[in-house]
$ cat target-v5.csv   # CSV, C-alpha atoms and all ligand atoms
chain,number,residue,atom,x,y,z
A,1,MET,CA,132.0,192.9,-29.6
A,2,VAL,CA,133.3,190.6,-26.9
A,3,ASP,CA,134.0,192.1,-23.5
A,4,ALA,CA,137.5,190.7,-23.2
A,5,ARG,CA,137.8,191.2,-19.5
A,6,VAL,CA,134.5,189.3,-18.9
A,7,ALA,CA,135.5,186.7,-21.5
A,8,ILE,CA,138.9,186.1,-19.9
A,9,LEU,CA,137.6,186.0,-16.3
A,10,ALA,CA,135.0,183.5,-17.4
A,11,ALA,CA,137.4,181.4,-19.4
A,12,VAL,CA,139.9,181.2,-16.6
A,13,ARG,CA,137.2,178.9,-15.1
A,14,ARG,CA,136.9,177.1,-18.4
A,15,PHE,CA,138.5,174.0,-17.3
A,16,ALA,CA,136.2,173.7,-14.2
A,17,VAL,CA,133.2,174.4,-16.4
A,18,ALA,CA,134.3,171.8,-18.9
A,19,LEU,CA,134.4,169.4,-16.0
A,20,VAL,CA,130.9,170.5,-15.0
A,21,PHE,CA,129.7,169.5,-18.4
A,22,ALA,CA,131.7,166.3,-18.7
A,23,ARG,CA,130.9,165.1,-15.2
A,24,GLY,CA,127.1,165.0,-15.6
A,25,ALA,CA,127.1,161.3,-15.0
A,26,ALA,CA,128.9,161.6,-11.7
A,27,VAL,CA,126.6,164.4,-10.6
A,28,GLU,CA,123.5,162.4,-11.4
A,29,ARG,CA,124.8,159.4,-9.4
A,30,LEU,CA,125.6,161.6,-6.4
A,31,THR,CA,122.2,163.2,-6.5
A,32,ALA,CA,120.5,159.8,-6.6
A,33,SER,CA,122.5,158.5,-3.7
A,34,GLU,CA,121.8,161.6,-1.7
A,35,GLN,CA,118.3,160.2,-1.1
A,36,THR,CA,119.9,157.8,1.3
A,37,GLY,CA,122.0,160.5,2.9
A,38,VAL,CA,125.2,158.7,2.1
A,39,PRO,CA,126.6,158.7,-1.4
A,40,GLN,CA,126.9,155.2,-2.8
A,41,VAL,CA,130.3,153.8,-3.4
A,42,PRO,CA,130.5,153.6,-7.2
A,43,ALA,CA,131.7,150.6,-9.2
A,44,ALA,CA,135.4,150.4,-9.9
A,45,PRO,CA,136.5,152.5,-12.9
A,46,SER,CA,135.8,150.9,-16.2
A,47,SER,CA,138.9,149.7,-17.9
A,48,SER,CA,137.2,150.4,-21.3
A,49,VAL,CA,137.7,154.1,-20.9
A,50,GLU,CA,140.8,155.5,-22.7
A,51,PRO,CA,143.2,157.2,-20.4
A,52,PRO,CA,144.0,160.8,-21.2
A,53,VAL,CA,147.0,161.7,-23.3
A,54,PRO,CA,149.6,164.1,-22.0
A,55,LEU,CA,148.9,167.5,-23.6
A,56,SER,CA,152.6,167.9,-24.4
A,57,GLN,CA,152.4,164.9,-26.7
A,58,GLY,CA,150.1,166.5,-29.2
A,59,PRO,CA,147.2,168.8,-29.8
A,60,THR,CA,144.7,169.3,-27.0
A,61,PRO,CA,142.8,166.1,-26.8
A,62,GLN,CA,139.0,166.2,-26.2
A,63,LEU,CA,138.6,164.3,-22.9
A,64,SER,CA,135.5,162.3,-23.0
A,65,ARG,CA,132.5,162.6,-20.7
A,66,ALA,CA,133.2,159.1,-19.4
A,67,THR,CA,136.8,159.8,-18.8
A,68,PHE,CA,136.0,162.8,-16.6
A,69,ALA,CA,133.2,160.8,-14.8
A,70,ARG,CA,135.9,158.4,-13.6
A,71,ARG,CA,137.7,161.2,-11.7
A,72,ASP,CA,135.4,161.1,-8.7
A,73,GLU,CA,135.6,157.3,-8.6
A,74,ILE,CA,139.3,157.3,-8.6
A,75,ARG,CA,139.4,160.0,-5.9
A,76,LEU,CA,137.2,157.8,-3.7
A,77,ASN,CA,139.2,154.7,-4.3
A,78,VAL,CA,142.4,156.5,-3.3
A,79,SER,CA,140.8,158.0,-0.2
A,80,ARG,CA,138.8,154.9,0.9
A,81,PRO,CA,141.6,153.1,2.9
A,82,PHE,CA,142.0,156.2,5.1
A,83,LEU,CA,138.3,156.9,5.9
A,84,GLN,CA,136.5,154.8,8.6
A,85,PRO,CA,132.8,154.5,9.3
A,86,GLY,CA,131.8,157.1,11.8
A,87,ASP,CA,134.5,159.6,10.6
A,88,VAL,CA,133.4,163.2,10.1
A,89,GLY,CA,135.5,165.4,7.8
A,90,ILE,CA,135.9,168.7,6.1
A,91,GLU,CA,135.8,169.2,2.4
A,92,ILE,CA,137.2,172.5,1.1
A,93,GLY,CA,136.2,173.8,-2.3
A,94,ALA,CA,133.7,171.0,-3.2
A,95,GLY,CA,131.4,173.4,-5.1
A,96,ALA,CA,129.0,171.5,-7.2
A,97,PHE,CA,131.1,168.3,-6.9
A,98,PRO,CA,131.2,167.0,-3.3
A,99,SER,CA,133.5,164.0,-3.0
A,100,PHE,CA,131.9,160.6,-2.9
A,101,MET,CA,132.1,159.1,0.6
A,102,PRO,CA,132.4,155.4,1.7
A,103,ASP,CA,129.5,154.1,3.7
A,104,GLY,CA,129.1,155.7,7.1
A,105,VAL,CA,131.5,158.5,6.5
A,106,ARG,CA,130.2,162.1,6.6
A,107,CYS,CA,131.7,165.3,5.3
A,108,GLU,CA,130.9,169.0,5.7
A,109,ASN,CA,131.6,171.6,3.0
A,110,PHE,CA,133.5,174.9,3.3
A,111,ASP,CA,134.5,177.5,0.8
A,112,ARG,CA,136.0,180.9,0.6
A,113,LEU,CA,133.1,182.0,-1.6
A,114,GLY,CA,129.6,182.6,-0.4
A,115,PRO,CA,126.5,181.0,-2.0
A,116,ALA,CA,125.9,183.8,-4.6
A,117,GLU,CA,129.5,183.7,-5.8
A,118,LEU,CA,129.5,179.9,-5.8
A,119,ASP,CA,126.4,180.0,-7.9
A,120,VAL,CA,128.2,182.1,-10.5
A,121,TYR,CA,131.5,180.0,-10.2
A,122,PHE,CA,129.7,176.8,-10.9
A,123,ASP,CA,127.3,178.1,-13.6
A,124,GLY,CA,124.2,177.6,-11.5
A,125,LEU,CA,124.6,173.9,-10.9
A,126,PRO,CA,123.1,172.5,-7.7
A,127,LEU,CA,125.5,173.1,-4.8
A,128,ALA,CA,126.0,171.1,-1.7
A,129,PRO,CA,125.3,173.1,1.5
A,130,THR,CA,128.5,175.1,2.1
A,131,ALA,CA,129.7,177.1,5.1
A,132,PRO,CA,132.3,179.9,5.2
A,133,MET,CA,135.9,178.9,6.0
A,134,ASP,CA,135.9,180.7,9.4
A,135,GLU,CA,133.1,178.4,10.5
A,136,ILE,CA,135.6,175.4,10.6
A,137,PRO,CA,137.0,176.0,14.1
A,138,ARG,CA,133.5,176.3,15.5
A,139,ARG,CA,132.2,173.2,13.7
A,140,PHE,CA,135.4,171.2,14.5
A,141,PRO,CA,136.8,172.6,17.7
A,142,ASP,CA,138.9,169.4,18.3
A,143,GLY,CA,139.8,169.0,14.6
A,144,ALA,CA,138.2,166.8,11.9
A,145,ASP,CA,139.0,163.2,11.2
A,146,PHE,CA,140.0,164.1,7.7
A,147,LEU,CA,140.2,167.0,5.3
A,148,LEU,CA,139.7,166.9,1.5
A,149,ALA,CA,140.6,169.6,-1.0
A,150,HIS,CA,140.4,168.5,-4.6
A,151,ASN,CA,141.7,171.0,-7.2
A,152,VAL,CA,141.7,173.9,-4.8
A,153,LEU,CA,145.4,174.5,-3.8
A,154,GLU,CA,146.3,175.6,-7.4
A,155,HIS,CA,143.8,178.5,-6.9
A,156,THR,CA,145.8,179.8,-4.0
A,157,PRO,CA,148.8,182.1,-4.4
A,158,ASP,CA,150.6,180.6,-1.4
A,159,PRO,CA,149.8,176.9,-1.6
A,160,ILE,CA,152.2,175.8,1.1
A,161,GLY,CA,150.9,178.4,3.6
A,162,ARG,CA,147.3,177.5,2.7
A,163,LEU,CA,148.0,173.8,3.3
A,164,VAL,CA,149.8,174.5,6.6
A,165,GLY,CA,146.6,176.3,7.7
A,166,TRP,CA,144.3,173.5,6.6
A,167,LEU,CA,146.4,170.9,8.4
A,168,GLY,CA,145.6,172.7,11.6
A,169,HIS,CA,142.0,171.7,11.2
A,170,VAL,CA,142.8,168.0,11.3
A,171,LYS,CA,143.0,165.8,14.5
A,172,PRO,CA,146.3,164.2,15.4
A,173,GLY,CA,146.3,160.9,13.5
A,174,GLY,CA,143.8,162.2,11.0
A,175,PHE,CA,144.3,162.4,7.3
A,176,ALA,CA,144.5,165.2,4.7
A,177,ILE,CA,143.8,164.3,1.0
A,178,VAL,CA,144.6,167.0,-1.5
A,179,SER,CA,144.6,166.9,-5.3
A,180,LEU,CA,146.2,169.2,-7.9
A,181,PRO,CA,145.8,169.2,-11.7
A,182,HIS,CA,148.9,167.7,-13.4
A,183,HIS,CA,150.0,170.5,-15.7
A,184,ASP,CA,150.5,168.1,-18.6
A,185,TYR,CA,146.8,167.1,-18.5
A,186,CYS,CA,145.3,170.5,-18.0
A,187,PRO,CA,144.6,172.8,-21.0
A,188,GLY,CA,146.4,176.1,-20.5
A,189,ASP,CA,148.6,174.9,-17.7
A,190,ALA,CA,150.4,172.6,-20.1
A,191,ARG,CA,151.8,175.6,-21.9
A,192,ARG,CA,153.2,177.3,-18.8
A,193,PRO,CA,156.5,176.9,-17.0
A,194,LEU,CA,156.7,174.8,-13.8
A,195,PRO,CA,157.8,176.8,-10.7
A,196,SER,CA,160.6,175.5,-8.5
A,197,ILE,CA,159.9,174.4,-4.9
A,198,GLU,CA,162.1,177.2,-3.8
A,199,HIS,CA,159.7,179.7,-5.5
A,200,LEU,CA,156.7,178.2,-3.6
A,201,ILE,CA,158.7,178.4,-0.3
A,202,ILE,CA,159.6,182.0,-0.9
A,203,ASP,CA,155.9,182.7,-1.7
A,204,TYR,CA,155.2,181.1,1.7
A,205,ALA,CA,157.9,183.2,3.4
A,206,MET,CA,156.6,186.4,1.9
A,207,CYS,CA,152.9,185.6,2.9
A,208,GLU,CA,152.0,185.8,-0.7
A,209,HIS,CA,148.3,186.5,-1.4
A,210,ALA,CA,146.3,187.6,-4.4
A,211,GLY,CA,146.9,191.3,-3.9
A,212,PRO,CA,150.6,191.9,-4.4
A,213,LEU,CA,152.2,192.6,-7.7
A,214,ALA,CA,153.9,189.2,-7.8
A,215,SER,CA,150.5,187.3,-7.7
A,216,ARG,CA,149.0,189.7,-10.3
A,217,GLU,CA,152.0,189.1,-12.5
A,218,HIS,CA,151.5,185.3,-12.0
A,219,PHE,CA,148.0,185.9,-13.4
A,220,ILE,CA,149.2,187.8,-16.4
A,221,ALA,CA,151.8,185.2,-17.2
A,222,GLY,CA,149.5,182.4,-16.6
A,223,SER,CA,146.8,183.8,-18.8
A,224,VAL,CA,149.2,183.6,-21.7
A,225,GLY,CA,149.2,179.8,-21.3
A,226,TRP,CA,145.4,179.9,-21.7
A,227,ALA,CA,145.4,182.3,-24.7
A,228,ALA,CA,144.7,179.6,-27.2
A,229,ASP,CA,141.4,179.0,-25.4
A,230,TRP,CA,140.1,182.4,-26.6
A,231,PRO,CA,140.6,182.1,-30.4
A,232,ASP,CA,137.9,184.8,-31.0
A,233,VAL,CA,139.6,187.4,-28.9
A,234,GLY,CA,142.1,189.7,-30.8
A,235,LYS,CA,145.7,190.1,-29.5
A,236,ASN,CA,145.2,193.7,-28.1
A,237,GLU,CA,141.8,192.9,-26.7
A,238,PHE,CA,143.3,189.8,-25.0
A,239,ALA,CA,146.2,191.9,-23.5
A,240,ASN,CA,143.8,194.6,-22.3
A,241,GLY,CA,141.4,192.1,-20.9
A,242,VAL,CA,144.1,190.2,-19.0
A,243,LEU,CA,145.6,193.5,-17.6
A,244,ALA,CA,142.2,194.7,-16.5
A,245,ALA,CA,141.4,191.4,-14.9
A,246,ALA,CA,144.8,191.5,-13.1
A,247,MET,CA,143.9,194.8,-11.5
A,248,GLY,CA,140.6,193.5,-10.3
A,249,SER,CA,139.8,192.9,-6.6
A,250,GLU,CA,139.6,189.1,-7.2
A,251,VAL,CA,142.4,187.5,-9.1
A,252,GLU,CA,141.2,184.0,-9.7
A,253,HIS,CA,143.2,181.4,-11.7
A,254,HIS,CA,145.8,178.6,-11.4
A,255,PHE,CA,148.6,180.6,-9.7
A,256,HIS,CA,151.1,177.9,-10.3
A,257,VAL,CA,151.3,174.7,-12.4
A,258,TRP,CA,152.1,171.3,-11.0
A,259,ASP,CA,153.8,168.0,-11.6
A,260,ASP,CA,154.4,165.0,-9.4
A,261,ALA,CA,157.7,166.2,-8.0
A,262,LEU,CA,156.4,169.7,-7.1
A,263,ALA,CA,153.4,168.2,-5.4
A,264,HIS,CA,155.5,165.8,-3.3
A,265,ASP,CA,157.9,168.7,-2.4
A,266,ALA,CA,155.2,171.2,-1.6
A,267,VAL,CA,153.3,168.8,0.7
A,268,ALA,CA,156.6,167.8,2.4
A,269,ALA,CA,157.4,171.5,3.0
A,270,ALA,CA,154.0,172.1,4.5
A,271,LEU,CA,154.3,169.0,6.8
A,272,SER,CA,157.8,170.2,7.8
A,273,LEU,CA,156.4,173.7,8.6
A,274,HIS,CA,153.4,172.2,10.4
A,275,GLY,CA,155.8,170.0,12.4
A,276,VAL,CA,153.8,166.8,12.2
A,277,GLY,CA,152.8,164.3,9.5
A,278,ARG,CA,154.0,162.1,6.7
A,279,GLU,CA,152.9,161.2,3.2
A,280,VAL,CA,151.1,157.9,3.1
A,281,ALA,CA,149.7,157.6,-0.4
A,282,PHE,CA,150.2,159.2,-3.8
A,283,ALA,CA,148.5,158.8,-7.2
A,284,SER,CA,148.8,160.7,-10.5
A,285,PRO,CA,148.5,160.1,-14.2
A,286,SER,CA,151.9,158.5,-14.1
A,287,THR,CA,151.2,156.0,-11.4
A,288,THR,CA,149.3,152.7,-11.7
A,289,PRO,CA,146.4,152.8,-11.7
A,290,SER,CA,146.5,156.3,-13.1
A,291,THR,CA,144.3,159.2,-12.3
A,292,VAL,CA,142.4,161.4,-14.8
A,293,GLY,CA,144.8,164.3,-14.6
A,294,ASP,CA,144.7,164.6,-10.8
A,295,ILE,CA,147.9,164.4,-8.6
A,296,ILE,CA,146.5,163.1,-5.3
A,297,VAL,CA,148.5,163.2,-2.1
A,298,VAL,CA,147.4,161.6,1.2
A,299,VAL,CA,149.1,162.6,4.4
A,300,GLU,CA,148.6,161.2,7.9
A,301,LEU,CA,148.9,163.7,10.8
A,302,SER,CA,151.3,161.6,12.8
A,303,GLY,CA,155.1,161.2,12.9
A,304,THR,CA,157.9,163.6,12.4
A,305,PRO,CA,158.2,165.0,8.9
A,306,GLY,CA,161.5,164.7,7.1
A,307,ASP,CA,163.9,167.5,6.5
A,308,VAL,CA,163.2,169.5,3.3
A,309,PRO,CA,166.5,170.8,1.8
A,310,ALA,CA,164.6,173.4,-0.3
A,311,VAL,CA,163.3,175.1,2.9
A,312,ARG,CA,166.9,175.7,3.9
A,313,ALA,CA,167.9,176.8,0.4
A,314,ALA,CA,165.0,179.3,0.3
A,315,ARG,CA,166.0,180.5,3.8
A,316,ASP,CA,169.6,181.1,2.5
A,317,VAL,CA,168.2,183.1,-0.5
A,318,LEU,CA,166.1,185.3,1.8
A,319,THR,CA,169.0,185.7,4.3
A,320,ALA,CA,171.3,186.9,1.5
A,321,ALA,CA,168.5,189.3,0.3
A,322,ALA,CA,168.0,190.7,3.8
A,323,GLU,CA,171.8,191.3,4.2
A,324,ARG,CA,171.6,193.6,1.2
A,325,LEU,CA,169.2,195.7,3.3
A,326,PRO,CA,170.9,196.2,6.6
A,327,ALA,CA,168.8,197.9,9.3
A,328,GLY,CA,169.3,201.7,9.2
A,329,ALA,CA,171.2,201.6,5.8
A,330,VAL,CA,170.6,204.6,3.5
A,331,VAL,CA,170.1,203.2,0.0
A,332,PRO,CA,171.8,205.5,-2.4
A,333,PRO,CA,169.5,207.0,-5.2
A,334,PRO,CA,169.9,205.3,-8.6
A,335,SER,CA,171.9,208.3,-9.9
A,336,ALA,CA,174.6,207.8,-7.3
A,337,ARG,CA,175.1,204.1,-7.9
B,401,LIG,C1,138.1,174.4,-9.4
B,401,LIG,S1,137.0,174.4,-8.0
B,401,LIG,C2,137.1,172.7,-7.5
B,401,LIG,C3,135.8,172.0,-7.4
B,401,LIG,C4,135.8,170.6,-7.0
B,401,LIG,N1,136.5,170.3,-5.8
B,401,LIG,C5,136.4,169.7,-8.2
B,401,LIG,O1,137.5,169.2,-8.0
B,401,LIG,O2,135.8,169.7,-9.2
B,401,LIG,C6,137.9,175.3,-6.8
B,401,LIG,C7,137.0,175.6,-5.5
B,401,LIG,O3,137.9,176.0,-4.5
B,401,LIG,C8,137.4,177.2,-3.9
B,401,LIG,N2,138.6,177.9,-3.3
B,401,LIG,C9,139.6,178.4,-4.0
B,401,LIG,N3,140.5,178.9,-3.1
B,401,LIG,C10,140.1,178.7,-1.9
B,401,LIG,C11,140.6,178.9,-0.6
B,401,LIG,N4,141.7,179.6,-0.4
B,401,LIG,N5,139.8,178.5,0.5
B,401,LIG,C12,138.7,177.9,0.3
B,401,LIG,N6,138.1,177.6,-0.9
B,401,LIG,C13,138.8,178.0,-2.0
B,401,LIG,C14,136.8,177.9,-5.0
B,401,LIG,O4,135.9,178.9,-4.5
B,401,LIG,C15,136.0,176.8,-5.7
B,401,LIG,O5,134.8,176.5,-5.1
$ encode --input "target-v5.csv" --output "structure tokens"
Amino acid sequence: MVDARVAILAAVRRFAVALVFARGAAVERLTASEQTGVPQVPAAPSSSVEPPVPLSQGPTPQLSRATFARRDEIRLNVSRPFLQPGDVGIEIGAGAFPSFMPDGVRCENFDRLGPAELDVYFDGLPLAPTAPMDEIPRRFPDGADFLLAHNVLEHTPDPIGRLVGWLGHVKPGGFAIVSLPHHDYCPGDARRPLPSIEHLIIDYAMCEHAGPLASREHFIAGSVGWAADWPDVGKNEFANGVLAAAMGSEVEHHFHVWDDALAHDAVAAALSLHGVGREVAFASPSTTPSTVGDIIVVVELSGTPGDVPAVRAARDVLTAAAERLPAGAVVPPPSAR
């Protein structure tokens, strides 16, 4: 008998685990280069590898080991123009896959999980030394030269708020490079509806975190997108497992799903709320050269961010909502309405 709750919690990490398996070649290369202390710059991606097919255009394709191994190379190639020898940066959520660095560039790793939890999360794979998030201000009192967070923001219930917080760890003029999985290239996410940018801004305004009902409901709805990944779990067992997992202390999944436009808008909203910065590079499966399912956004922490109309639209929605609850009003009981 499958313990559905355990199966579902484990399978919510299925995509990451699939990457673990598929990315063996990349891990081996990093391990070898660690002997020198500085990961080697890998060769340019091989053009002989088939690009992935959008999941909406057919049944779930099996992405090859080689295709996934390209992901780290592409991330490095996108980041390289913004990282200079001597720079020291922060990587958030690297887990077992710390990003490749150009020669002379160094990075320290931070995660919300401790070593024992990371060991479970990454199925016992070797982990780069990782410190808790609250160590960042002590390690980088004047801010870091750059910040990387690959495939982390989708695991946060308030991605705009989280990114605003992370931008505060970067020096003026430094760079932040974040990636998100494009929903159309990520099993499970491809079957889920895209949120609007207004939704993400309201999550920000409500200080959304994993505890409130809204985030737990996101988990339940999101798990339906991944249901096909548990063919051996019966319908009722699946529902019970998802509901039990949603009540747990740690709700862990892709809270929202992403496309290029939403990634541009969420980053623009975070820059606008932070008050400094502008987008300087963008890559995704739909750009040339294309990524392997990653949407990558690079921002420079200088300049004045543009206006984001969706921030004003979300403010109007919240203002109208607040006006329905005037201070001191006595809300009539449902029977009297
Ligand atoms: C899917 S893994 C990404 C691993 C790797 N960066 C990659 O792209 O393959 C997500 C990682 O982000 C961490 N994480 C999730 N939310 C976080 C947060 N709010 N702050 C710091 N780390 C977080 C998780 O603990 C996990 O190590």
$ residues_around --input "target-v5.csv" --residues "segment 144-150 of chain A" --least-positions-apart "4" --cutoff "6 Å" --atoms "only C-alpha atoms" --output "PyMOL selection string"
chain A and resi 87-92+140+170-171+174-179
$ residues_near_point --input "target-v5.csv" --point "(155.6, 182.4, -9.9)" --cutoff "10 Å" --atoms "all atoms listed in the file" --output "list in words"
Pro157, Pro193, Leu194, Pro195, Ser196, His199, Leu200, Ile202, Asp203, Ala214, Ser215, Arg216, Glu217, His218, Phe219, Ala221, Gly222, Phe255, His256 and Val257 of chain A
$ residues_near_ligand --input "target-v5.csv" --ligand "ligand LIG 401 (chain B)" --cutoff "8 Å" --atoms "only C-alpha atoms and all ligand atoms" --output "PDB file with C-alpha atoms, in the frame of the given file"
ATOM      1  CA  ARG A  13     137.200 178.900 -15.100  1.00  0.00           C
ATOM      2  CA  PHE A  15     138.500 174.000 -17.300  1.00  0.00           C
ATOM      3  CA  ALA A  16     136.200 173.700 -14.200  1.00  0.00           C
ATOM      4  CA  LEU A  19     134.400 169.400 -16.000  1.00  0.00           C
ATOM      5  CA  VAL A  20     130.900 170.500 -15.000  1.00  0.00           C
ATOM      6  CA  ILE A  92     137.200 172.500   1.100  1.00  0.00           C
ATOM      7  CA  GLY A  93     136.200 173.800  -2.300  1.00  0.00           C
ATOM      8  CA  ALA A  94     133.700 171.000  -3.200  1.00  0.00           C
ATOM      9  CA  GLY A  95     131.400 173.400  -5.100  1.00  0.00           C
ATOM     10  CA  ALA A  96     129.000 171.500  -7.200  1.00  0.00           C
ATOM     11  CA  PHE A  97     131.100 168.300  -6.900  1.00  0.00           C
ATOM     12  CA  PRO A  98     131.200 167.000  -3.300  1.00  0.00           C
ATOM     13  CA  SER A  99     133.500 164.000  -3.000  1.00  0.00           C
ATOM     14  CA  PHE A 110     133.500 174.900   3.300  1.00  0.00           C
ATOM     15  CA  ASP A 111     134.500 177.500   0.800  1.00  0.00           C
ATOM     16  CA  ARG A 112     136.000 180.900   0.600  1.00  0.00           C
ATOM     17  CA  LEU A 113     133.100 182.000  -1.600  1.00  0.00           C
ATOM     18  CA  LEU A 118     129.500 179.900  -5.800  1.00  0.00           C
ATOM     19  CA  TYR A 121     131.500 180.000 -10.200  1.00  0.00           C
ATOM     20  CA  PHE A 122     129.700 176.800 -10.900  1.00  0.00           C
ATOM     21  CA  MET A 133     135.900 178.900   6.000  1.00  0.00           C
ATOM     22  CA  ALA A 149     140.600 169.600  -1.000  1.00  0.00           C
ATOM     23  CA  HIS A 150     140.400 168.500  -4.600  1.00  0.00           C
ATOM     24  CA  ASN A 151     141.700 171.000  -7.200  1.00  0.00           C
ATOM     25  CA  VAL A 152     141.700 173.900  -4.800  1.00  0.00           C
ATOM     26  CA  LEU A 153     145.400 174.500  -3.800  1.00  0.00           C
ATOM     27  CA  GLU A 154     146.300 175.600  -7.400  1.00  0.00           C
ATOM     28  CA  HIS A 155     143.800 178.500  -6.900  1.00  0.00           C
ATOM     29  CA  THR A 156     145.800 179.800  -4.000  1.00  0.00           C
ATOM     30  CA  ARG A 162     147.300 177.500   2.700  1.00  0.00           C
ATOM     31  CA  SER A 179     144.600 166.900  -5.300  1.00  0.00           C
TER      32      SER A 179
END
$ atom_distance --input "target-v5.csv" --atom1 "atom CA of Asn236 of chain A" --atom2 "atom CA of Glu208 of chain A"
29.3 Å
$ atom_distance --input "target-v5.csv" --atom1 "atom CA of Ala131 of chain A" --atom2 "atom CA of Ile160 of chain A"
22.9 Å
$ residues_around --input "target-v5.csv" --residues "segment 302-315 of chain A" --least-positions-apart "3" --cutoff "9 Å" --atoms "only C-alpha atoms" --output "VMD selection string"
chain A and resid 172 to 175 197 to 199 201 to 202 205 265 268 to 269 271 to 279 299 318 to 320
$ closest_residue --input "target-v5.csv" --among "A:Asp316, A:Asp142, A:Glu108, A:Trp258" --to "Pro129 of chain A" --atoms "all atoms listed in the file"
A:Glu108
$ closest_residue --input "target-v5.csv" --among "A:His182, A:Arg139, A:Arg106, A:Arg192" --to "Ala283 of chain A" --atoms "all atoms listed in the file"
A:His182
$ atom_distance --input "target-v5.csv" --atom1 "atom CA of Gly188 of chain A" --atom2 "atom CA of Val224 of chain A"
8.1 Å
$ closest_residue --input "target-v5.csv" --among "A:Lys235, A:Arg80, A:His169, A:His209" --to "Ser249 of chain A" --atoms "all atoms listed in the file"
A:His209
$ residues_around --input "target-v5.csv" --residues "Gly86 of chain A" --least-positions-apart "4" --cutoff "9 Å" --atoms "all atoms listed in the file" --output "PyMOL selection string"
chain A and resi 103-106
$ closest_residue --input "target-v5.csv" --among "A:Arg70, A:Asn240, A:Gly168, A:Cys107" --to "Pro137 of chain A" --atoms "only C-alpha atoms"
A:Gly168
$ residues_near_point --input "target-v5.csv" --point "(151.7, 169.4, -4.7)" --cutoff "8 Å" --atoms "only C-alpha atoms" --output "list in words"
Ser179, Leu180, Trp258, Asp259, Asp260, Ala261, Leu262, Ala263, His264, Asp265, Ala266, Val267, Ile295 and Val297 of chain A
$ write_last_selection --input "target-v5.csv" --atoms "C-alpha atoms" --output "PDB file, keeping the file's coordinate frame"
ATOM      1  CA  SER A 179     144.600 166.900  -5.300  1.00  0.00           C
ATOM      2  CA  LEU A 180     146.200 169.200  -7.900  1.00  0.00           C
ATOM      3  CA  TRP A 258     152.100 171.300 -11.000  1.00  0.00           C
ATOM      4  CA  ASP A 259     153.800 168.000 -11.600  1.00  0.00           C
ATOM      5  CA  ASP A 260     154.400 165.000  -9.400  1.00  0.00           C
ATOM      6  CA  ALA A 261     157.700 166.200  -8.000  1.00  0.00           C
ATOM      7  CA  LEU A 262     156.400 169.700  -7.100  1.00  0.00           C
ATOM      8  CA  ALA A 263     153.400 168.200  -5.400  1.00  0.00           C
ATOM      9  CA  HIS A 264     155.500 165.800  -3.300  1.00  0.00           C
ATOM     10  CA  ASP A 265     157.900 168.700  -2.400  1.00  0.00           C
ATOM     11  CA  ALA A 266     155.200 171.200  -1.600  1.00  0.00           C
ATOM     12  CA  VAL A 267     153.300 168.800   0.700  1.00  0.00           C
ATOM     13  CA  ILE A 295     147.900 164.400  -8.600  1.00  0.00           C
ATOM     14  CA  VAL A 297     148.500 163.200  -2.100  1.00  0.00           C
TER      15      VAL A 297
END
$ closest_residue --input "target-v5.csv" --among "A:Ser286, A:His253, A:Gly143, A:Phe238" --to "Ala210 of chain A" --atoms "all atoms listed in the file"
A:His253
$ closest_residue --input "target-v5.csv" --among "A:Gly161, A:Gly225, A:Leu167, A:Ile220" --to "Ala244 of chain A" --atoms "only C-alpha atoms"
A:Ile220
